[in-house]
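> So here's protein.txt (compact mmCIF, C-alpha atoms and all ligand atoms).
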```txt
# COMPACT_ATOMS: atom_id res chain seq x y z
CA MET A 1 114.84 68.10 77.30
CA ALA A 2 114.61 71.48 75.54
CA ARG A 3 112.29 69.99 72.97
CA VAL A 4 109.69 67.46 73.92
CA SER A 5 108.81 66.42 70.39
CA GLU A 6 108.98 67.57 66.80
CA SER A 7 105.26 67.60 66.25
CA GLU A 8 102.96 70.57 66.56
CA PHE A 9 101.27 72.30 69.42
CA ASP A 10 97.88 73.88 68.98
CA ALA A 11 97.45 75.97 72.12
CA VAL A 12 99.07 77.59 75.15
CA LEU A 13 97.54 77.20 78.60
CA LEU A 14 98.31 79.63 81.42
CA LEU A 15 98.10 77.69 84.68
CA SER A 16 97.89 79.67 87.90
CA PHE A 17 96.92 79.60 91.55
CA GLY A 18 93.51 81.26 91.28
CA GLY A 19 91.85 83.63 93.72
CA PRO A 20 88.36 84.55 94.92
CA GLU A 21 86.26 87.09 93.02
CA GLY A 22 83.75 88.05 95.73
CA HIS A 23 83.05 87.69 99.47
CA ASP A 24 81.20 84.37 99.05
CA ASP A 25 84.13 82.83 97.20
CA VAL A 26 86.66 83.42 99.98
CA ARG A 27 85.92 80.46 102.27
CA PRO A 28 85.51 77.82 99.56
CA PHE A 29 88.66 79.13 97.86
CA LEU A 30 90.66 78.84 101.09
CA GLU A 31 89.28 75.34 101.66
CA ASN A 32 90.53 74.38 98.20
CA VAL A 33 93.99 75.84 98.86
CA THR A 34 94.51 74.21 102.22
CA ARG A 35 92.75 70.85 101.86
CA GLY A 36 94.98 68.30 103.58
CA ARG A 37 97.75 70.86 104.17
CA GLY A 38 97.44 71.22 107.96
CA VAL A 39 96.93 74.99 108.00
CA PRO A 40 95.38 76.00 111.36
CA PRO A 41 91.86 77.53 111.29
CA GLU A 42 93.12 80.72 113.00
CA ARG A 43 95.45 81.30 110.07
CA LEU A 44 92.57 80.77 107.62
CA ASP A 45 90.41 83.31 109.50
CA GLU A 46 93.24 85.81 109.34
CA VAL A 47 93.85 85.27 105.62
CA ALA A 48 90.10 85.42 104.92
CA GLU A 49 90.12 88.91 106.48
CA HIS A 50 92.84 90.03 104.05
CA TYR A 51 90.63 88.99 101.13
CA HIS A 52 87.48 90.57 102.66
CA HIS A 53 89.42 93.80 103.08
CA PHE A 54 89.52 93.95 99.25
CA GLY A 55 85.84 93.08 98.78
CA GLY A 56 86.63 89.36 98.72
CA VAL A 57 88.41 89.86 95.40
CA SER A 58 91.99 88.85 94.77
CA PRO A 59 93.59 90.75 91.91
CA ILE A 60 95.24 87.55 90.68
CA ASN A 61 92.63 86.49 88.09
CA ARG A 62 92.44 89.94 86.55
CA LEU A 63 96.24 90.14 86.44
CA ASN A 64 96.42 86.77 84.74
CA ARG A 65 93.78 87.87 82.21
CA ASP A 66 95.86 90.99 81.53
CA LEU A 67 98.94 88.82 80.99
CA ILE A 68 96.97 86.55 78.64
CA ALA A 69 95.78 89.58 76.65
CA ALA A 70 99.38 90.82 76.34
CA LEU A 71 100.53 87.35 75.32
CA GLU A 72 97.77 87.00 72.72
CA ALA A 73 98.68 90.38 71.27
CA GLU A 74 102.34 89.40 70.98
CA LEU A 75 101.51 86.01 69.46
CA ALA A 76 99.27 87.74 66.90
CA GLU A 77 102.06 90.22 66.17
CA GLN A 78 104.34 87.25 65.39
CA SER A 79 101.56 85.67 63.28
CA ARG A 80 101.47 82.61 65.49
CA ASP A 81 98.14 80.90 65.48
CA LEU A 82 98.05 79.73 69.09
CA PRO A 83 94.99 80.35 71.27
CA VAL A 84 95.74 80.98 74.97
CA TYR A 85 93.61 79.19 77.57
CA PHE A 86 93.40 79.97 81.30
CA GLY A 87 93.03 77.45 84.13
CA ASN A 88 93.61 77.60 87.89
CA ARG A 89 94.42 75.18 90.67
CA ASN A 90 92.15 76.64 93.33
CA TRP A 91 89.46 78.80 91.74
CA HIS A 92 87.46 79.42 88.61
CA PRO A 93 88.26 79.04 85.83
CA LEU A 94 89.35 75.67 87.26
CA LEU A 95 91.92 73.71 85.29
CA GLU A 96 89.59 70.69 84.96
CA ASP A 97 86.94 72.83 83.25
CA THR A 98 89.47 74.50 80.97
CA VAL A 99 91.01 71.19 79.88
CA ALA A 100 87.50 69.88 79.11
CA ARG A 101 86.83 72.98 77.01
CA MET A 102 90.16 72.57 75.20
CA ALA A 103 89.15 68.99 74.33
CA ASP A 104 85.74 70.24 73.11
CA GLU A 105 87.47 72.77 70.89
CA GLY A 106 89.76 70.15 69.35
CA VAL A 107 93.03 70.96 71.11
CA ARG A 108 95.34 67.92 70.96
CA ARG A 109 98.64 69.24 72.36
CA ALA A 110 99.27 72.34 74.41
CA LEU A 111 102.18 73.99 76.18
CA VAL A 112 101.45 74.95 79.78
CA PHE A 113 102.94 78.12 81.22
CA PRO A 114 102.81 78.00 85.04
CA THR A 115 102.86 81.36 86.85
CA SER A 116 105.68 80.20 89.10
CA ALA A 117 109.37 80.60 88.34
CA TRP A 118 110.48 77.98 90.85
CA GLY A 119 111.12 74.35 91.63
CA GLY A 120 109.93 72.70 94.78
CA TYR A 121 106.53 71.36 95.81
CA SER A 122 104.35 74.51 95.74
CA GLY A 123 106.13 76.11 92.80
CA CYS A 124 106.48 73.08 90.52
CA ARG A 125 105.34 69.65 91.63
CA GLN A 126 101.87 70.77 92.65
CA TYR A 127 101.35 72.17 89.13
CA HIS A 128 102.30 68.76 87.70
CA GLU A 129 99.72 67.23 90.04
CA ASP A 130 97.10 69.73 88.83
CA ILE A 131 97.79 68.77 85.21
CA ALA A 132 97.57 65.04 85.92
CA ARG A 133 94.34 65.47 87.93
CA ALA A 134 92.67 67.63 85.29
CA ARG A 135 93.55 65.22 82.48
CA GLU A 136 92.25 62.33 84.50
CA ALA A 137 88.97 64.16 85.09
CA VAL A 138 88.57 64.78 81.35
CA GLY A 139 89.51 61.23 80.34
CA ASP A 140 90.74 59.88 77.01
CA ARG A 141 89.99 62.96 74.97
CA ALA A 142 92.18 65.17 77.22
CA PRO A 143 94.89 66.99 75.24
CA GLU A 144 98.54 66.22 75.82
CA LEU A 145 99.88 68.90 78.17
CA ILE A 146 103.55 69.83 78.30
CA LYS A 147 104.55 72.05 81.18
CA LEU A 148 107.18 74.67 80.42
CA ARG A 149 110.34 74.77 82.51
CA GLN A 150 111.27 76.86 85.53
CA PHE A 151 112.35 80.37 84.57
CA PHE A 152 113.87 81.85 87.76
CA ASP A 153 117.09 82.77 85.94
CA HIS A 154 115.78 83.59 82.47
CA PRO A 155 117.51 86.84 81.40
CA LEU A 156 114.17 88.49 80.52
CA PHE A 157 112.65 87.64 83.93
CA VAL A 158 115.82 88.98 85.53
CA ASP A 159 115.73 92.18 83.43
CA ALA A 160 112.06 92.89 84.13
CA ASN A 161 112.69 92.60 87.88
CA ALA A 162 115.96 94.55 87.76
CA ASP A 163 114.26 97.38 85.92
CA ALA A 164 111.49 97.42 88.55
CA VAL A 165 114.13 97.73 91.28
CA CYS A 166 115.69 100.69 89.42
CA ARG A 167 112.28 102.38 89.09
CA ALA A 168 111.65 101.91 92.83
CA ARG A 169 115.10 103.36 93.56
CA ASP A 170 114.12 106.49 91.59
CA GLU A 171 111.22 107.02 94.02
CA LEU A 172 113.58 107.37 96.98
CA ASP A 173 116.28 109.95 97.67
CA GLY A 174 119.67 108.63 98.59
CA ASP A 175 120.79 105.15 99.51
CA ALA A 176 118.30 102.38 100.03
CA ARG A 177 118.80 98.76 101.00
CA VAL A 178 117.35 96.26 98.52
CA VAL A 179 115.27 93.52 100.14
CA PHE A 180 113.98 90.65 97.99
CA THR A 181 111.04 88.58 99.18
CA ALA A 182 109.57 85.25 98.15
CA HIS A 183 106.88 83.03 99.63
CA SER A 184 108.15 81.21 102.70
CA ILE A 185 107.79 77.42 102.77
CA PRO A 186 108.32 74.93 105.60
CA MET A 187 112.04 74.29 106.21
CA ARG A 188 111.40 70.55 105.87
CA ALA A 189 110.01 71.14 102.37
CA ASP A 190 113.04 73.26 101.46
CA GLU A 191 115.43 70.53 102.63
CA ARG A 192 114.50 68.34 99.67
CA PRO A 193 117.50 68.06 97.36
CA GLY A 194 117.68 69.57 93.91
CA PRO A 195 118.87 67.75 90.78
CA ASP A 196 122.46 68.34 91.94
CA GLY A 197 121.78 66.35 95.12
CA ASP A 198 122.19 69.39 97.37
CA PRO A 199 119.31 70.45 99.62
CA HIS A 200 117.41 73.77 99.68
CA TRP A 201 116.47 73.69 96.02
CA TYR A 202 113.75 76.34 96.17
CA SER A 203 115.64 78.75 98.40
CA ARG A 204 118.81 78.35 96.36
CA GLN A 205 116.90 79.26 93.20
CA VAL A 206 115.49 82.33 94.97
CA HIS A 207 118.97 83.37 96.14
CA GLU A 208 120.33 82.84 92.63
CA ALA A 209 117.56 84.96 91.08
CA ALA A 210 118.19 87.69 93.69
CA ARG A 211 121.91 87.67 92.90
CA LEU A 212 121.20 88.05 89.17
CA VAL A 213 118.61 90.81 89.62
CA ALA A 214 120.90 92.71 92.01
CA GLU A 215 123.77 92.45 89.55
CA ALA A 216 121.60 93.65 86.65
CA ALA A 217 120.32 96.58 88.74
CA GLY A 218 123.84 97.52 89.85
CA VAL A 219 123.06 96.73 93.49
CA ARG A 220 125.95 95.54 95.66
CA ASP A 221 124.29 94.80 98.99
CA TYR A 222 120.91 93.18 99.30
CA ASP A 223 119.01 90.70 101.46
CA VAL A 224 116.74 87.76 100.72
CA THR A 225 113.70 87.49 103.00
CA TRP A 226 110.49 85.46 103.10
CA GLN A 227 106.86 86.35 103.48
CA SER A 228 103.34 85.02 103.99
CA ARG A 229 104.27 82.06 106.21
CA SER A 230 101.39 79.91 107.38
CA GLY A 231 101.16 76.51 109.07
CA PRO A 232 101.22 75.88 112.83
CA PRO A 233 103.58 78.21 114.74
CA HIS A 234 105.80 75.38 116.03
CA VAL A 235 106.70 74.29 112.49
CA PRO A 236 109.80 76.15 111.23
CA TRP A 237 109.48 78.00 107.91
CA LEU A 238 112.13 79.88 105.93
CA GLU A 239 113.25 83.07 107.70
CA PRO A 240 113.77 85.95 108.16
CA ASP A 241 110.25 87.24 107.60
CA VAL A 242 110.34 90.48 105.62
CA CYS A 243 108.74 92.54 108.43
CA ASP A 244 111.12 91.18 111.10
CA HIS A 245 113.96 91.98 108.74
CA LEU A 246 112.86 95.61 108.44
CA GLU A 247 113.25 95.85 112.23
CA ALA A 248 116.73 94.35 112.06
CA LEU A 249 117.73 96.78 109.30
CA HIS A 250 116.32 99.67 111.28
CA ALA A 251 118.39 98.61 114.30
CA ASP A 252 121.44 98.68 112.00
CA GLY A 253 120.71 102.28 111.02
CA VAL A 254 119.13 101.66 107.61
CA ASN A 255 116.37 104.18 106.91
CA ALA A 256 115.27 103.41 103.35
CA VAL A 257 114.41 100.13 101.68
CA ILE A 258 113.36 98.86 98.27
CA VAL A 259 111.23 95.75 98.64
CA SER A 260 111.20 93.54 95.53
CA PRO A 261 108.68 90.64 95.52
CA LEU A 262 110.86 88.54 93.25
CA GLY A 263 109.13 85.36 94.39
CA PHE A 264 105.92 86.29 92.54
CA VAL A 265 105.09 87.24 88.98
CA SER A 266 102.19 89.61 89.67
CA ASP A 267 100.83 92.02 92.29
CA HIS A 268 98.34 89.54 93.72
CA LEU A 269 96.92 89.52 97.22
CA GLU A 270 100.01 88.31 99.05
CA VAL A 271 101.88 91.27 97.55
CA VAL A 272 99.24 93.95 98.08
CA TRP A 273 98.41 92.76 101.60
CA ASP A 274 101.63 91.41 103.08
CA LEU A 275 103.86 94.07 101.52
CA ASP A 276 101.75 97.12 100.63
CA ASN A 277 99.88 96.93 103.94
CA GLU A 278 101.89 95.00 106.53
CA ALA A 279 105.46 95.77 105.48
CA ALA A 280 104.54 99.35 104.56
CA ASP A 281 102.95 99.86 108.02
CA LYS A 282 106.03 98.37 109.68
CA ALA A 283 108.27 100.77 107.76
CA THR A 284 106.09 103.74 108.73
CA GLU A 285 106.17 102.66 112.37
CA LEU A 286 109.97 102.50 112.21
CA GLY A 287 110.24 105.82 110.37
CA MET A 288 111.82 104.15 107.32
CA SER A 289 110.98 104.96 103.73
CA LEU A 290 109.91 102.01 101.63
CA ALA A 291 109.45 101.71 97.89
CA ARG A 292 107.90 98.52 96.65
CA ALA A 293 109.27 97.34 93.33
CA ALA A 294 106.78 96.06 90.77
CA THR A 295 106.46 92.39 89.88
CA ALA A 296 106.99 91.20 86.29
CA GLY A 297 103.25 91.63 85.59
CA THR A 298 102.75 92.48 81.91
CA ASP A 299 106.25 93.89 81.40
CA PRO A 300 106.95 93.32 77.68
CA ARG A 301 110.15 91.47 78.55
CA PHE A 302 108.18 89.00 80.64
CA VAL A 303 105.68 88.48 77.82
CA THR A 304 108.57 87.91 75.41
CA MET A 305 110.08 85.45 77.88
CA ILE A 306 106.92 83.34 77.77
CA ILE A 307 107.10 83.30 73.99
CA GLU A 308 110.77 82.30 74.17
CA LEU A 309 109.87 79.38 76.46
CA VAL A 310 107.21 78.36 73.93
CA SER A 311 109.75 78.71 71.09
CA GLU A 312 112.09 76.30 72.86
CA HIS A 313 109.51 73.66 71.93
CA LEU A 314 108.04 75.08 68.73
CA ASP A 315 111.25 76.16 67.05
CA GLY A 316 113.95 74.29 68.98
CA TRP A 317 115.26 77.53 70.42
CA GLN A 318 118.26 77.41 72.71
CA ARG A 319 117.31 77.75 76.38
CA ARG A 320 118.43 81.09 77.74
CA LYS A 321 119.39 81.01 81.41
CA GLU A 322 121.91 82.89 83.51
CA SER A 323 122.56 80.58 86.42
CA PRO A 324 124.38 77.26 86.64
CA LEU A 325 121.45 75.86 88.64
CA VAL A 326 119.26 73.48 86.65
CA ALA A 327 115.90 74.73 85.41
CA ALA A 328 113.73 71.60 85.59
CA GLY A 329 109.95 71.38 85.64
CA CYS A 330 109.29 70.45 82.00
CA THR A 331 107.35 67.20 81.73
CA VAL A 332 104.44 65.71 79.78
CA ASN A 333 100.96 65.16 81.21
CA GLY A 334 101.87 65.96 84.79
CA ARG A 335 104.61 63.39 85.18
CA LEU A 336 106.96 64.36 87.96
CA CYS A 337 110.34 65.80 87.03
CA ALA A 338 112.98 63.18 86.22
CA VAL A 339 115.26 65.03 88.57
CA PRO A 340 114.11 64.85 92.19
CA CYS A 341 113.65 68.59 92.50
CA CYS A 342 110.41 68.58 94.41
C1 LIG A 401 106.08 78.79 97.06
C2 LIG A 401 104.69 79.41 97.02
C3 LIG A 401 104.21 80.30 96.07
C4 LIG A 401 104.97 80.85 94.87
C5 LIG A 401 104.82 79.94 93.68
C6 LIG A 401 103.47 80.11 92.97
O1 LIG A 401 103.11 81.24 92.68
O2 LIG A 401 102.80 79.10 92.74
C7 LIG A 401 102.86 80.62 96.43
C8 LIG A 401 102.00 81.48 95.71
C9 LIG A 401 100.73 81.91 96.10
N1 LIG A 401 100.08 81.66 97.30
C10 LIG A 401 98.84 82.24 97.25
C11 LIG A 401 97.84 82.17 98.28
C12 LIG A 401 97.90 81.29 99.36
N2 LIG A 401 98.94 80.45 99.71
C13 LIG A 401 98.60 79.73 100.84
C14 LIG A 401 99.37 78.76 101.46
C15 LIG A 401 100.67 78.36 101.10
N3 LIG A 401 101.43 78.85 100.05
C16 LIG A 401 102.66 78.15 100.02
C17 LIG A 401 103.70 78.36 99.10
C18 LIG A 401 103.63 79.19 97.98
N4 LIG A 401 102.53 79.94 97.59
C19 LIG A 401 102.64 77.20 101.09
C20 LIG A 401 103.76 76.24 101.40
C21 LIG A 401 101.42 77.33 101.76
C22 LIG A 401 100.90 76.55 102.96
C23 LIG A 401 99.86 75.53 102.56
C24 LIG A 401 100.46 74.50 101.66
O3 LIG A 401 101.37 73.78 102.08
O4 LIG A 401 100.01 74.42 100.49
C25 LIG A 401 97.27 80.12 101.22
C26 LIG A 401 96.45 79.55 102.36
C27 LIG A 401 96.38 80.49 103.51
C28 LIG A 401 97.74 80.62 104.16
O5 LIG A 401 98.16 79.63 104.75
O6 LIG A 401 98.36 81.67 104.00
C29 LIG A 401 96.85 81.11 100.31
C30 LIG A 401 95.52 81.86 100.31
C31 LIG A 401 98.68 82.92 95.99
C32 LIG A 401 97.40 83.67 95.53
C33 LIG A 401 97.29 85.03 96.13
C34 LIG A 401 95.99 85.69 95.70
O7 LIG A 401 94.91 85.17 95.96
O8 LIG A 401 96.07 86.74 95.06
C35 LIG A 401 99.84 82.71 95.29
C36 LIG A 401 100.17 83.18 93.89
FE FE A 402 109.87 69.86 89.61
```
Would you mind giving the structure from this file in structure tokens?

Amino acid sequence: MARVSESEFDAVLLLSFGGPEGHDDVRPFLENVTRGRGVPPERLDEVAEHYHHFGGVSPINRLNRDLIAALEAELAEQSRDLPVYFGNRNWHPLLEDTVARMADEGVRRALVFPTSAWGGYSGCRQYHEDIARAREAVGDRAPELIKLRQFFDHPLFVDANADAVCRARDELDGDARVVFTAHSIPMRADERPGPDGDPHWYSRQVHEAARLVAEAAGVRDYDVTWQSRSGPPHVPWLEPDVCDHLEALHADGVNAVIVSPLGFVSDHLEVVWDLDNEAADKATELGMSLARAATAGTDPRFVTMIIELVSEHLDGWQRRKESPLVAAGCTVNGRLCAVPCC
């Protein structure tokens, strides 16, 4: 599985979620995200407000462009002649348009780096669906697209996050509790089994990543929490919510926290709103100090990790991973994983 084929690849494609870039984009973007997903209109109104608060602009596209620039620089440094394309699920540049452009420019086979470290529906399977849909839209001339594997336990992803936790710790005096957060998902979705047949595939990967980051940062006690839940209120999602958890910690006498958004790879809207506004306000209200750790962003280790994932295919490199949990997610042309991980 480490190597899909011996033959060559002629491009890399960064595949992400996408975000609006102005007030008028917000509604149509949210319609794209939630089509057929049963998210109540009240929740959409609330989330729309978060985007409008920032001029209708999510930082996510800019952050992805920054990551692409860093990746291109590193590829050039290594004299690798691989152009990097950018396509999104929910907003421009849309994956369909990018795949059409790749075909126009003669790309035949490309490796796809998804900006999600995880298995599960939202983190993995939906990206396979995006790839299949985009290729279908482009037709016969669509390039072959090979999605890179999940990287939740890659040592360089772990190190980048651990270092960010250490930097956040330096901002605070004295002891602070480390609280990791990842995007909540419906409990029913999390009950799907992983390749080992055991349920809770996504949340187990998140717990495993948290354990590795804590160990690398020399942190003994930490918590795993969830953020940004949506869906109707009667549907259970993964808990505790990060803000509720701050209250529980406060009640236990904790007065300083480091919040690490390990579930995300960049400081996009769910990080800057749900953590830098909501969780930060909650901490202030409780009289706690809070330092928010950075996401992997353009940390050079994260950029190198992407190149290592590419090299697993280009050069037959050994997969580096620190956890016994399987890292699936690598398939051709949007086929679902052979293991039933999502
Ligand atoms: C697991 C997971 C990741 C991590 C993996 C990955 O990164 O892919 C992730 C990332 C992201 N989620 C994002 C934004 C949104 N997610 C929503 C809705 C949902 N996310 C879900 C899960 C996840 N989401 C789920 C189960 C839903 C409910 C609807 C459904 O079942 O599909 C909604 C709709 C409104 C709402 O309901 O909150 C929005 C606007 C942004 C972009 C932020 C920006 O614009 O900067 C990013 C990176
Ligand atoms: Fe998968």
> Let me see if you get this right: every residue at most 9 Å from ligand FE 402 (chain A), counting all atoms listed in the file, written as a VMD selection string.
chain A and resid 118 to 121 123 to 128 149 to 150 194 327 to 331 336 to 342
> Measuring between only C-alpha atoms and all ligand atoms, which one of A:Ser230, A:Thr304, A:Ser203, A:Asn161 shows the shortest distance to ligand LIG 401 (chain A)?
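Of all the options, A:Ser230 lies closest to ligand LIG 401 (chain A).
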> Would you mind telling me which residue in A:Val235, A:Ala296, A:Leu314, A:Val271 lies nearest to Pro59 (chain A) when using all atoms listed in the file?
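Checking each candidate against Pro59 (chain A), we get A:Val271 as the closest.
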> A:Asp159, A:Val12, A:Asp175, A:Gly55: which is nearest Asn255 (chain A), counting all atoms listed in the file?
A:Asp175
> Under the rule of at most 7 Å, produce a per-residue listing of chain A near ligand LIG 401 (chain A): chain, number, name, the closest pair of atoms, and the distance in Å, as JSON lines, using only C-alpha atoms and all ligand atoms.

```
{"residue": "A:Ser16", "atom": "CA", "partner": "A:LIG401", "partner_atom": "O2", "distance": 6.9}
{"residue": "A:Phe17", "atom": "CA", "partner": "A:LIG401", "partner_atom": "C36", "distance": 5.4}
{"residue": "A:Gly18", "atom": "CA", "partner": "A:LIG401", "partner_atom": "C32", "distance": 6.2}
{"residue": "A:Gly19", "atom": "CA", "partner": "A:LIG401", "partner_atom": "O7", "distance": 4.1}
{"residue": "A:Pro20", "atom": "CA", "partner": "A:LIG401", "partner_atom": "O7", "distance": 6.7}
{"residue": "A:Leu30", "atom": "CA", "partner": "A:LIG401", "partner_atom": "C30", "distance": 5.8}
{"residue": "A:Val33", "atom": "CA", "partner": "A:LIG401", "partner_atom": "C26", "distance": 5.7}
{"residue": "A:Thr34", "atom": "CA", "partner": "A:LIG401", "partner_atom": "C23", "distance": 5.5}
{"residue": "A:Arg37", "atom": "CA", "partner": "A:LIG401", "partner_atom": "O3", "distance": 5.1}
{"residue": "A:Val39", "atom": "CA", "partner": "A:LIG401", "partner_atom": "O5", "distance": 5.8}
{"residue": "A:Arg43", "atom": "CA", "partner": "A:LIG401", "partner_atom": "O5", "distance": 6.2}
{"residue": "A:Leu44", "atom": "CA", "partner": "A:LIG401", "partner_atom": "C27", "distance": 5.6}
{"residue": "A:Val47", "atom": "CA", "partner": "A:LIG401", "partner_atom": "C27", "distance": 5.8}
{"residue": "A:Ser58", "atom": "CA", "partner": "A:LIG401", "partner_atom": "O8", "distance": 4.6}
{"residue": "A:Pro59", "atom": "CA", "partner": "A:LIG401", "partner_atom": "O8", "distance": 5.7}
{"residue": "A:Ile60", "atom": "CA", "partner": "A:LIG401", "partner_atom": "O8", "distance": 4.5}
{"residue": "A:Thr115", "atom": "CA", "partner": "A:LIG401", "partner_atom": "O1", "distance": 5.8}
{"residue": "A:Ser116", "atom": "CA", "partner": "A:LIG401", "partner_atom": "C6", "distance": 4.5}
{"residue": "A:Trp118", "atom": "CA", "partner": "A:LIG401", "partner_atom": "C5", "distance": 6.6}
{"residue": "A:Ser122", "atom": "CA", "partner": "A:LIG401", "partner_atom": "C1", "distance": 4.8}
{"residue": "A:Gly123", "atom": "CA", "partner": "A:LIG401", "partner_atom": "C5", "distance": 4.1}
{"residue": "A:His183", "atom": "CA", "partner": "A:LIG401", "partner_atom": "C2", "distance": 5.0}
{"residue": "A:Ser184", "atom": "CA", "partner": "A:LIG401", "partner_atom": "C17", "distance": 6.4}
{"residue": "A:Ile185", "atom": "CA", "partner": "A:LIG401", "partner_atom": "C20", "distance": 4.4}
{"residue": "A:Pro186", "atom": "CA", "partner": "A:LIG401", "partner_atom": "C20", "distance": 6.3}
{"residue": "A:Ser228", "atom": "CA", "partner": "A:LIG401", "partner_atom": "O6", "distance": 6.0}
{"residue": "A:Arg229", "atom": "CA", "partner": "A:LIG401", "partner_atom": "O6", "distance": 6.3}
{"residue": "A:Ser230", "atom": "CA", "partner": "A:LIG401", "partner_atom": "O5", "distance": 4.2}
{"residue": "A:Gly231", "atom": "CA", "partner": "A:LIG401", "partner_atom": "O5", "distance": 6.1}
{"residue": "A:Gly263", "atom": "CA", "partner": "A:LIG401", "partner_atom": "C4", "distance": 6.2}
{"residue": "A:Phe264", "atom": "CA", "partner": "A:LIG401", "partner_atom": "O1", "distance": 5.8}
{"residue": "A:His268", "atom": "CA", "partner": "A:LIG401", "partner_atom": "O8", "distance": 3.8}
{"residue": "A:Leu269", "atom": "CA", "partner": "A:LIG401", "partner_atom": "O8", "distance": 3.6}
{"residue": "A:Glu270", "atom": "CA", "partner": "A:LIG401", "partner_atom": "C33", "distance": 5.2}
```
> Write out N, CA and C atoms for region 320-336 of chain A, as a compact mmCIF listing (two decimals), in the frame of the given file.

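Final file, part.txt:
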```
# COMPACT_ATOMS: atom_id res chain seq x y z
N ARG A 320 117.62 80.01 77.18
CA ARG A 320 118.43 81.09 77.74
C ARG A 320 118.29 81.07 79.25
N LYS A 321 119.41 80.97 79.94
CA LYS A 321 119.39 81.01 81.41
C LYS A 321 120.73 81.53 81.91
N GLU A 322 120.70 82.20 83.06
CA GLU A 322 121.91 82.89 83.51
C GLU A 322 122.60 82.23 84.69
N SER A 323 121.99 81.18 85.23
CA SER A 323 122.56 80.58 86.42
C SER A 323 122.98 79.16 86.14
N PRO A 324 124.00 78.67 86.83
CA PRO A 324 124.38 77.26 86.64
C PRO A 324 123.37 76.28 87.25
N LEU A 325 122.45 76.77 88.07
CA LEU A 325 121.45 75.86 88.64
C LEU A 325 120.53 75.34 87.55
N VAL A 326 120.13 74.10 87.66
CA VAL A 326 119.26 73.48 86.65
C VAL A 326 117.87 74.11 86.68
N ALA A 327 117.31 74.33 85.49
CA ALA A 327 115.90 74.73 85.41
C ALA A 327 115.11 73.51 84.96
N ALA A 328 114.50 72.81 85.90
CA ALA A 328 113.73 71.60 85.59
C ALA A 328 112.27 71.99 85.41
N GLY A 329 111.38 71.05 85.62
CA GLY A 329 109.95 71.38 85.64
C GLY A 329 109.22 71.10 84.35
N CYS A 330 109.96 70.69 83.28
CA CYS A 330 109.29 70.45 82.00
C CYS A 330 108.99 68.97 81.86
N THR A 331 107.72 68.60 81.96
CA THR A 331 107.35 67.20 81.73
C THR A 331 106.01 67.14 81.00
N VAL A 332 105.66 65.93 80.57
CA VAL A 332 104.44 65.71 79.78
C VAL A 332 103.34 65.13 80.68
N ASN A 333 102.15 65.69 80.55
CA ASN A 333 100.96 65.16 81.21
C ASN A 333 101.06 65.03 82.74
N GLY A 334 101.83 65.93 83.34
CA GLY A 334 101.87 65.96 84.79
C GLY A 334 102.77 64.93 85.42
N ARG A 335 103.62 64.29 84.58
CA ARG A 335 104.61 63.39 85.18
C ARG A 335 105.54 64.22 86.05
N LEU A 336 106.06 63.59 87.11
CA LEU A 336 106.96 64.36 87.96
C LEU A 336 108.29 64.53 87.24
```
